[in-house]
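Reviewing the structure listed below.
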Amino acid sequence: MIRAHLTVDPHFTVGPVNRRLFGSFVEHLGRCVYDGIYEPGHVRADEDGFRTDVIELVRELGVSTIRYPGGNFVSGYRWEDGVGPRESRPRRLDLAWHSTETNEIGLDEFAGWLKKVDSELMYAVNLGTRGVLEALDVLEYANLRSGTHWSDQRVANGHPEPHGIRMWCLGNEMDGPWQLGHSTAEEYAQIASKTASAMRQIDPDLELVVCGSSSAQMPTFGDWERVVLGKTYDDVDYISCHAYYEPKGDDYGSFLASGVNMDRFIDAVIATADHVKAIRHSDKTINISFDEWNVWYQTRFNEVDKITDVSEWPVAPRLLEDSYSVLDAVVFGSLLISLLRHADRVTAASLAQLVNVIAPIMTEPGGPAWRQTTFYPFSLTSRLARGVALELKLDSPTYPTAEYGDVPIVDAVATRDENGGSTTVFLVNRSLDDAVSLEIDVLALGGVAGATALSLFDDDIHAANTLDDPERVAPRENSSVDVGEGRVTVTLPPVSWTVLTLD
Ligand code: AHR
């Protein structure tokens, strides 16, 4: 058995864990909205057509903030299509996903659904094919009480209370050639800066997210951030990061080390933002909104999923419906560890996406809803990562990877809830073959009364939860935990994610 050692000391903190780290993302894409959260004919649908079984699962998942309505979709979206009487809402071509958008669900309905799941709305404006004026219009519609054209329109549409949206994304992935209205960093910086300063005239306290790169692999990565922040630094609060991971062939060793890539990505964006801060002699710090992250088998999508014949663009097709394995969930858990490790600068994040589309929750039309493997690391981390994130001293053997060189076999982060007095350690064993015996030095915690652990693992790392077998994989109690004088030991099975609570 491999041995590793961890020291937990509450005096060494990274920063407070912002609840917004546990955000998600609902895009008008595939069956995320239609036949996902919304299915009026379903036996579990409520009076508004929303599935109550999905609402229950979203609440259990513990999602703080939900980014909406896209994604690539937003760059062709006219928000006005989705408000007012349903019978007069237009059907439109959705150029991003080669689908037909019925506009049955729009801003007001989605804001209503968010109340049911107890989450905050984070709204993205279209800076791909639209601009400053339309962003101002939707802000006026959403947030002003009444007495102006658009706020009165919302009231007339049956929504007297403003939606009070605090976080706004200034477009989506504008560096990507696939994006409608794709632009250079200079062009995007111009429109983002103008839009932000105009929106701030209505409400100076909005929290604004400017688009960073759509991945660290983009040829413009780094320079894009420098140029965009160079122009928008005083106008915005966050810069976005997006990252999706999948194995290359059967190189699971590198795939399991995806968190290393996420760490480097975050560190590079922080360095770039702080460089801009330095040359501007600014006191202001720009934080990161990691508003798209997940495991996504994107190569499968490119090969089979994209529908191209314009006369046949369907409503709510099955797109990007990845089924997640134990292996995927372990990688997913390590991405959450990476986000928490940067809690001082990553102060918002959105798991992309929420239902059916690369999602922790799946549904069948007229049938059940179920939890994918990735549901569990998210729900448990959201529930248990409280208080402040701690800096850990980890001694772990390494293993060689093709993508990232030598990588520690164990990955870990801890949080400490000063009020409850408990410390939670989140752990991953990346070894494909070996269990790890981990000894944790807890002397600095001043005594541990008890410890419990849940682990997600399986003899078959490709096991998944499906319509036919929705409960095949779930976390199990890890009975190897042993509490001794100033130390706790736990065994981490190969390819596993574990949460350990120290009381
Ligand atoms: O989440 C799926 C897509 O990935 C989003 O629409 C886009 O922003 C990203 O490329």
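Residues in the structure tokens are named by chain (A, B, ... in the order shown) and by number from 1 within that chain; ligands are numbered from 1 in the order shown.
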
Give me, as a PDB file with C-alpha atoms, in the first residue's frame, the set of residues whose atoms come within 6 Å of any atom of ligand 1, counting only C-alpha atoms and all ligand atoms.
ATOM      1  CA  GLY A  70     -26.207  30.617 -22.035  1.00  0.00           C
ATOM      2  CA  GLY A  71     -23.522  29.763 -23.049  1.00  0.00           C
ATOM      3  CA  ASN A  72     -23.213  29.899 -26.794  1.00  0.00           C
ATOM      4  CA  ASN A 172     -20.032  34.474 -23.436  1.00  0.00           C
ATOM      5  CA  GLU A 173     -16.741  33.053 -24.770  1.00  0.00           C
ATOM      6  CA  ALA A 352     -21.787  23.390 -16.518  1.00  0.00           C
TER       7      ALA A 352
END

*Excluding segment 198-208 of chain A and residues on its chain fewer than 5 positions from it, collect all residues at most 8 Å away from it, counting only C-alpha atoms, and give them as an MDAnalysis selection string.*
chainID A and resid 132 135:136 139:140 166:170 235:238

_as a list in words, please: every residue in segment 312-477 of chain A that DSSP puts in alpha helix (DSSP H)._
Val326, Leu327, Asp328, Ala329, Val330, Val331, Phe332, Gly333, Ser334, Leu335, Leu336, Ile337, Ser338, Leu339, Leu340, Arg341, Phe375, Tyr376, Pro377, Phe378, Ser379, Leu380, Thr381, Ser382, Arg383 and Leu384 of chain A

*asked:* Let me make sure I understand: among A:Arg472, A:Arg487, A:Arg345, A:His42, which one has the smallest atom-to-atom distance to Gly447 of chain A if we use only C-alpha atoms?
replied: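 The answer is A:Arg487, which sits nearest to Gly447 of chain A.
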
*Rank A:Arg264, A:His11, A:Arg383, A:Arg89 by their smallest atom-to-atom distance to Leu443 of chain A, using only C-alpha atoms, and report the top residue only.*
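Smallest separation from Leu443 of chain A among the options: A:His11.
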
Kindly assemble as CSV a list of the segment 254-311 of chain A residues that lie within 10 Å of segment 354-376 of chain A, each paired with its nearest atom pair and their distance in Å to one decimal, using only C-alpha atoms, sorted first by chain and then by ascending residue number.
residue,atom,partner,partner_atom,distance
A:Asn294,CA,A:Ile358,CA,7.8
A:Val295,CA,A:Ile358,CA,7.7
A:Trp296,CA,A:Ile358,CA,6.3
A:Tyr297,CA,A:Ile358,CA,8.6
A:Gln298,CA,A:Ile358,CA,9.7

*asked:* Taking only segment 193-412 of chain A into account, list the residues labelled strand (DSSP E or B) by DSSP (computed from the backbone), as a ChimeraX atom specification.
replied: /A:207-210,238-245,287-295,315,325,346-352,355,361-363,369-371,388-390,393-395,398-401,405-408,410-412

*Residues at most 10 Å from segment 416-419 of chain A, counting only C-alpha atoms, excluding those fewer than 3 positions away in the same chain, as JSON, numbers by chain?*
{"A": [8, 9, 10, 13, 16, 17, 384, 385, 386, 387, 388, 389, 390, 422, 423, 424, 425, 445, 501, 502]}
